[in-house]
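Colleague: Please read through the structure below; I'll follow up with questions.
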Amino acid sequence: MGDRETSNHSEVTDFILVGFRVSLELHMLLFLLFLLVYAMILLGNVGMMAIIMTDPWLNTPMYFFLGNLSFIDLFYSSVIAPKAMINFWSESKSISFAGCVTQLFLFAFFIVTEGFLLAAMAYDHFVAICNPLLYPVQMSKRFCTQLVAGSYFCGCISSVLQTSITFTLSFCASQAIDHFYCDGRLLQRISCSDIFVYKIVTFSLSSIIVLPTIIVIIFSYTYILSAVLMVLSTEGRKKAFSTCSSHLGVVSVLYGAVFFMYLTPDRFPELSKVASLCYTLVTPMLNPLIYSLRNKDVKEALRKSLKKEIVLFNCFLTVIYMKVGY
């Protein structure tokens with residue numbers, strides 16, 4: 001039996017990404033929608049990283065975390081969106097076995113890293129509001145680097161384990177994945193292996209990943225809320241809530257979409273795909289907008305950057321005019 005499964009597993013060279021079950025006319029609309037959203041993701045996150053790296057006033061722990069968040073959002077959406085857009089035009093809608101392994105590994109790596117990074121950002125807000133005098137000491141550059149490096153390390157270990165156990169399964173029943181990217185849950189559904197151990201391991205791994213990050217976020221904001229309610233001035237409360245609201249919005253969208261997707265019954269696959277869109281494309285698109293529109297420092301840095309670009313452009317036009325005139 002084991003030899004037969006190994007043989008079947010070795011015969012799989014590609015998978016079929018079914019994508020959205022809509023008419024051909026709607027494929028064009030979906031392609032344009034994906035293209036627009038992905039362009040906004042590229043523009044927003046690259047712009048956010050550029051502003052944070054070039055403006056010395058943004059050289060603080062909060063913006064260090066935010067820069068890494070933009071980096072993660074940019075890359076994990078790039079793992080999904082280009083292939084999904086290609087499949088809108090492709091008749092075969094196939095993805096190679098190696099491509100599926102790579103996509104699952106990279107997506108799991110970045111999404112888990114983002115979860116731990118959001119927990120680190122919640123802790124940063126907690127220290128900033130509850131222990132402001134100790135903030136420079138507790139949130140030192142070295143400690144922030146360790147938090148970010150730890151987030152990437154946890155993401156890498158989790159991704160290696162999830163990808164390894166997923167592709168030890170045998171795929172002999174079907175090669176069609178009813179999704180627009182290679183998702184571990186859908187891969188186990190088309191497997192002909194005994195998935196009992198797989199389910200136990202993935203559930204344990206998910207618990208180890210999700211529970212600590214949620215606990216850190218909940219405890220951080222519980223203490224933050226207690227501290228804010230003790231602040232007498234309205235201005236102080238407004239500033240504290242403004243600091244945390246952007247982060248809370250991002251956390252709510254990400255975790256809400258993930259929980260909705262995993263709690264959606266199997267008989268509603270299209271709902272699961274819509275929920276997946278929220279954290280694969282919508283969240284990376286919204287994050288730069290949320291943090292830039294609600295942040296005075298980022299808006300000021302953007303204003304100065306645009307002013308500098310306009311001055312350089314005017315100088316360039318002046319030089320061209322002088323040469324033409326000469």
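Just remember, in the structure tokens the first chain shown is A, the second B, etc., residues are 1-based per chain, and ligands are 1-based in the order shown.
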Please provide as an mmCIF file with N, CA and C atoms, in the first residue's frame all residues within 12 Å of stretch 149-153 of chain A, with the sequence filter that same-chain residues fewer than 2 positions apart are discarded (counting only C-alpha atoms).
Modeller:
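Result written to out.cif:
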```cif
data_model
loop_
_atom_site.group_PDB
_atom_site.id
_atom_site.type_symbol
_atom_site.label_atom_id
_atom_site.label_comp_id
_atom_site.auth_asym_id
_atom_site.auth_seq_id
_atom_site.Cartn_x
_atom_site.Cartn_y
_atom_site.Cartn_z
ATOM 1 N N PHE A 65 8.864 48.664 13.056
ATOM 2 C CA PHE A 65 7.895 47.577 12.917
ATOM 3 C C PHE A 65 7.009 47.799 11.698
ATOM 4 N N ASN A 68 8.685 46.870 8.444
ATOM 5 C CA ASN A 68 8.705 45.416 8.255
ATOM 6 C C ASN A 68 7.320 44.885 7.890
ATOM 7 N N LEU A 69 6.271 45.492 8.461
ATOM 8 C CA LEU A 69 4.904 45.089 8.114
ATOM 9 C C LEU A 69 4.635 45.342 6.632
ATOM 10 N N PHE A 71 6.896 45.474 4.270
ATOM 11 C CA PHE A 71 7.715 44.499 3.533
ATOM 12 C C PHE A 71 7.004 43.153 3.439
ATOM 13 N N ILE A 72 6.456 42.689 4.566
ATOM 14 C CA ILE A 72 5.753 41.402 4.606
ATOM 15 C C ILE A 72 4.501 41.444 3.736
ATOM 16 N N LEU A 106 6.089 30.053 1.069
ATOM 17 C CA LEU A 106 6.274 31.498 1.204
ATOM 18 C C LEU A 106 5.066 32.164 1.845
ATOM 19 N N ALA A 108 2.807 30.786 3.893
ATOM 20 C CA ALA A 108 2.770 30.421 5.313
ATOM 21 C C ALA A 108 3.839 31.183 6.088
ATOM 22 N N PHE A 109 5.011 31.326 5.492
ATOM 23 C CA PHE A 109 6.117 32.043 6.137
ATOM 24 C C PHE A 109 5.736 33.490 6.435
ATOM 25 N N PHE A 110 5.224 34.190 5.435
ATOM 26 C CA PHE A 110 4.931 35.614 5.606
ATOM 27 C C PHE A 110 3.698 35.858 6.467
ATOM 28 N N ILE A 111 2.663 35.020 6.338
ATOM 29 C CA ILE A 111 1.440 35.260 7.102
ATOM 30 C C ILE A 111 1.670 34.990 8.589
ATOM 31 N N VAL A 112 2.459 33.954 8.923
ATOM 32 C CA VAL A 112 2.766 33.670 10.327
ATOM 33 C C VAL A 112 3.677 34.758 10.890
ATOM 34 N N THR A 113 4.648 35.184 10.094
ATOM 35 C CA THR A 113 5.538 36.269 10.527
ATOM 36 C C THR A 113 4.736 37.530 10.837
ATOM 37 N N GLU A 114 3.747 37.826 9.995
ATOM 38 C CA GLU A 114 2.910 39.016 10.229
ATOM 39 C C GLU A 114 2.144 38.899 11.541
ATOM 40 N N GLY A 115 1.649 37.704 11.864
ATOM 41 C CA GLY A 115 0.932 37.510 13.125
ATOM 42 C C GLY A 115 1.804 37.830 14.328
ATOM 43 N N PHE A 116 3.035 37.333 14.314
ATOM 44 C CA PHE A 116 3.959 37.605 15.423
ATOM 45 C C PHE A 116 4.385 39.074 15.439
ATOM 46 N N LEU A 117 4.538 39.666 14.257
ATOM 47 C CA LEU A 117 4.916 41.080 14.190
ATOM 48 C C LEU A 117 3.813 41.973 14.743
ATOM 49 N N LEU A 118 2.568 41.648 14.458
ATOM 50 C CA LEU A 118 1.436 42.421 14.996
ATOM 51 C C LEU A 118 1.390 42.310 16.522
ATOM 52 N N ALA A 119 1.755 41.144 17.059
ATOM 53 C CA ALA A 119 1.833 40.983 18.516
ATOM 54 C C ALA A 119 2.952 41.860 19.085
ATOM 55 N N ALA A 120 4.086 41.920 18.390
ATOM 56 C CA ALA A 120 5.198 42.778 18.823
ATOM 57 C C ALA A 120 4.795 44.245 18.792
ATOM 58 N N MET A 121 4.011 44.640 17.783
ATOM 59 C CA MET A 121 3.543 46.022 17.692
ATOM 60 C C MET A 121 2.566 46.347 18.816
ATOM 61 N N ARG A 142 18.180 47.217 19.829
ATOM 62 C CA ARG A 142 18.561 45.802 19.854
ATOM 63 C C ARG A 142 17.351 44.913 20.140
ATOM 64 N N PHE A 143 16.527 45.310 21.112
ATOM 65 C CA PHE A 143 15.363 44.508 21.476
ATOM 66 C C PHE A 143 14.352 44.470 20.332
ATOM 67 N N CYS A 144 14.147 45.605 19.663
ATOM 68 C CA CYS A 144 13.213 45.646 18.529
ATOM 69 C C CYS A 144 13.693 44.743 17.389
ATOM 70 N N THR A 145 14.999 44.764 17.148
ATOM 71 C CA THR A 145 15.573 43.890 16.120
ATOM 72 C C THR A 145 15.367 42.426 16.487
ATOM 73 N N GLN A 146 15.522 42.112 17.774
ATOM 74 C CA GLN A 146 15.308 40.738 18.236
ATOM 75 C C GLN A 146 13.847 40.316 18.060
ATOM 76 N N LEU A 147 12.910 41.230 18.341
ATOM 77 C CA LEU A 147 11.487 40.919 18.163
ATOM 78 C C LEU A 147 11.163 40.632 16.698
ATOM 79 N N GLY A 155 8.054 32.365 11.827
ATOM 80 C CA GLY A 155 7.393 32.172 10.540
ATOM 81 C C GLY A 155 8.085 31.110 9.706
ATOM 82 N N CYS A 156 9.419 31.116 9.716
ATOM 83 C CA CYS A 156 10.196 30.151 8.933
ATOM 84 C C CYS A 156 10.002 28.729 9.464
ATOM 85 N N ILE A 157 10.124 28.563 10.779
ATOM 86 C CA ILE A 157 9.971 27.236 11.377
ATOM 87 C C ILE A 157 8.568 26.694 11.120
ATOM 88 N N SER A 158 7.564 27.542 11.327
ATOM 89 C CA SER A 158 6.177 27.129 11.095
ATOM 90 C C SER A 158 5.954 26.727 9.642
ATOM 91 N N SER A 159 6.500 27.514 8.722
ATOM 92 C CA SER A 159 6.319 27.244 7.300
ATOM 93 C C SER A 159 6.999 25.946 6.878
ATOM 94 N N VAL A 160 8.199 25.717 7.390
ATOM 95 C CA VAL A 160 8.918 24.472 7.075
ATOM 96 C C VAL A 160 8.111 23.261 7.544
ATOM 97 N N ILE A 209 0.794 28.837 17.161
ATOM 98 C CA ILE A 209 1.024 30.111 16.467
ATOM 99 C C ILE A 209 0.018 31.166 16.893
ATOM 100 N N THR A 213 0.034 34.824 20.062
ATOM 101 C CA THR A 213 -0.080 36.166 19.476
ATOM 102 C C THR A 213 -1.367 36.852 19.925
#
```
Colleague: One number please: atom CA of A:Gly19 to atom CA of A:Met85, in Å, one decimal.
Modeller: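 About the pair atom CA of A:Gly19 and atom CA of A:Met85: they are 10.2 Å apart.
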Colleague: Quote the spacing between atom CA of A:Gln175 and atom CA of A:Glu91 in Å to one decimal place.
Modeller: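 We find that atom CA of A:Gln175 and atom CA of A:Glu91 lie 15.3 Å from each other.
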Colleague: Quick one: pull the distance between atom CA of A:Tyr63 and atom CA of A:Leu133, Å, one decimal.
Modeller: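 Here the two named atoms are 19.1 Å from each other.
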Colleague: Would you mind writing down, as a list in words, each residue of stretch 40-267 of chain A that DSSP on the backbone assigns to strand (DSSP E or B)?
Modeller: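 Taking stretch 40-267 of chain A and keeping strand (DSSP E or B) gives Ser94, Ile95, Ser96, Ala176 and Ile177 of chain A.
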Colleague: Considering only C-alpha atoms, can you say which of A:Ile208, A:Leu169, A:Met53, A:Tyr221 comes closest to A:Ile190?
Modeller: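 The answer is A:Leu169, which sits nearest to A:Ile190.
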Colleague: Taking a cut-off of 6 Å and counting only C-alpha atoms, can you build a table that, for each residue of stretch 2-101 of chain A near stretch 274-289 of chain A, reports the nearest atom pair and how far apart they are in Å (one decimal), sorted by chain then residue number, as a tab-separated table?
Modeller:
```
residue	atom	partner	partner_atom	distance
A:Ile41	CA	A:Met285	CA	4.6
A:Gly44	CA	A:Pro288	CA	5.5
A:Asp73	CA	A:Pro284	CA	4.9
A:Ser77	CA	A:Thr280	CA	5.6
```
Colleague: Write to file, as a compact mmCIF listing (two decimals), in the first residue's frame, the residues of the selection just made, with all heavy atoms.
Modeller:
```
# COMPACT_ATOMS: atom_id res chain seq x y z
N ILE A 41 -1.25 47.87 -3.77
CA ILE A 41 -0.38 47.23 -2.78
C ILE A 41 1.07 47.61 -3.04
O ILE A 41 1.80 47.98 -2.11
CB ILE A 41 -0.56 45.70 -2.82
CG1 ILE A 41 -1.93 45.30 -2.26
CG2 ILE A 41 0.54 45.00 -2.02
CD1 ILE A 41 -2.28 43.84 -2.48
N GLY A 44 1.51 51.49 -2.37
CA GLY A 44 1.37 51.85 -0.96
C GLY A 44 2.51 51.33 -0.10
O GLY A 44 3.09 52.08 0.70
N ASP A 73 3.71 42.52 3.87
CA ASP A 73 2.49 42.66 3.07
C ASP A 73 2.80 42.63 1.58
O ASP A 73 2.08 42.01 0.78
CB ASP A 73 1.78 43.96 3.42
CG ASP A 73 1.03 43.88 4.74
OD1 ASP A 73 0.78 42.76 5.20
OD2 ASP A 73 0.69 44.93 5.30
N SER A 77 1.55 39.16 -0.62
CA SER A 77 0.55 39.39 -1.67
C SER A 77 1.14 39.07 -3.04
O SER A 77 0.42 38.60 -3.94
CB SER A 77 0.05 40.84 -1.63
OG SER A 77 1.13 41.74 -1.80
```
Colleague: Assign secondary structure with DSSP using the backbone only, and return the residues of stretch 70-267 of chain A in alpha helix (DSSP H) as an NGL selection string.
Modeller: :A and (70-89 or 97-130 or 135-138 or 141-166 or 184-189 or 196-229 or 234-263)
Colleague: Which neighbours of A:Lys296 fall inside 12 Å, counting only C-alpha atoms, when residues of the same chain fewer than 4 positions from it are skipped, and could you give them as JSON, numbers by chain?
Modeller: {"A": [57, 58, 239, 242, 243, 290, 291, 292, 300, 301, 302, 303]}
Colleague: Out of A:Thr264, A:Ser92, A:Thr13, A:Ser252, which residue has the shortest atom-to-atom distance to A:Phe171 when counting only C-alpha atoms?
Modeller: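 Checking each of A:Thr264, A:Ser92, A:Thr13, A:Ser252 against A:Phe171, counting only C-alpha atoms, the winner is A:Thr13.
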Colleague: Quick one: residues within 9 Å of A:Ile16, only C-alpha atoms, excluding same-chain residues fewer than 4 positions away - as a PyMOL selection string?
Modeller: chain A and resi 92-96+175-178
Colleague: Mind dumping the selected residues with all heavy atoms as a short mmCIF file (atom, residue, chain, number, x, y, z; two decimals), in the first residue's frame?
Modeller:
```
data_model
loop_
_atom_site.label_atom_id
_atom_site.label_comp_id
_atom_site.auth_asym_id
_atom_site.auth_seq_id
_atom_site.Cartn_x
_atom_site.Cartn_y
_atom_site.Cartn_z
N SER A 92 -5.62 26.21 -18.83
CA SER A 92 -5.25 25.06 -18.00
C SER A 92 -5.33 25.37 -16.51
O SER A 92 -5.65 24.51 -15.69
CB SER A 92 -3.83 24.61 -18.35
OG SER A 92 -2.88 25.63 -18.01
N LYS A 93 -5.04 26.62 -16.14
CA LYS A 93 -5.04 27.07 -14.73
C LYS A 93 -4.15 26.18 -13.85
O LYS A 93 -4.44 25.94 -12.68
CB LYS A 93 -6.46 27.10 -14.16
CG LYS A 93 -7.41 28.01 -14.92
CD LYS A 93 -8.76 28.08 -14.23
CE LYS A 93 -9.74 28.91 -15.04
NZ LYS A 93 -9.29 30.29 -15.26
N SER A 94 -3.07 25.72 -14.42
CA SER A 94 -2.21 24.78 -13.69
C SER A 94 -1.09 25.51 -12.95
O SER A 94 -0.71 26.63 -13.30
CB SER A 94 -1.61 23.76 -14.66
OG SER A 94 -0.75 24.39 -15.59
N ILE A 95 -0.58 24.84 -11.94
CA ILE A 95 0.60 25.28 -11.22
C ILE A 95 1.45 24.05 -10.98
O ILE A 95 0.93 22.98 -10.63
CB ILE A 95 0.24 25.98 -9.88
CG1 ILE A 95 1.50 26.50 -9.19
CG2 ILE A 95 -0.56 25.09 -8.96
CD1 ILE A 95 1.22 27.39 -7.99
N SER A 96 2.74 24.15 -11.22
CA SER A 96 3.61 22.99 -11.07
C SER A 96 3.68 22.54 -9.62
O SER A 96 3.37 23.30 -8.71
CB SER A 96 5.02 23.32 -11.59
OG SER A 96 5.63 24.29 -10.75
N GLN A 175 -6.32 16.34 -8.81
CA GLN A 175 -5.28 17.37 -8.81
C GLN A 175 -5.90 18.77 -8.79
O GLN A 175 -5.18 19.76 -8.87
CB GLN A 175 -4.40 17.23 -10.05
CG GLN A 175 -3.55 15.97 -10.07
CD GLN A 175 -2.83 15.79 -11.39
OE1 GLN A 175 -3.08 14.85 -12.12
NE2 GLN A 175 -1.94 16.71 -11.71
N ALA A 176 -7.22 18.85 -8.69
CA ALA A 176 -7.91 20.13 -8.73
C ALA A 176 -8.04 20.72 -7.33
O ALA A 176 -8.66 20.11 -6.45
CB ALA A 176 -9.29 19.97 -9.36
N ILE A 177 -7.45 21.90 -7.12
CA ILE A 177 -7.54 22.61 -5.84
C ILE A 177 -8.60 23.70 -6.00
O ILE A 177 -8.45 24.61 -6.82
CB ILE A 177 -6.18 23.26 -5.46
CG1 ILE A 177 -5.10 22.19 -5.37
CG2 ILE A 177 -6.29 24.02 -4.15
CD1 ILE A 177 -3.70 22.75 -5.19
N ASP A 178 -9.67 23.60 -5.24
CA ASP A 178 -10.79 24.53 -5.38
C ASP A 178 -10.49 25.85 -4.68
O ASP A 178 -11.14 26.23 -3.69
CB ASP A 178 -12.07 23.90 -4.82
CG ASP A 178 -13.32 24.69 -5.21
OD1 ASP A 178 -13.21 25.58 -6.08
OD2 ASP A 178 -14.39 24.41 -4.64
#
```
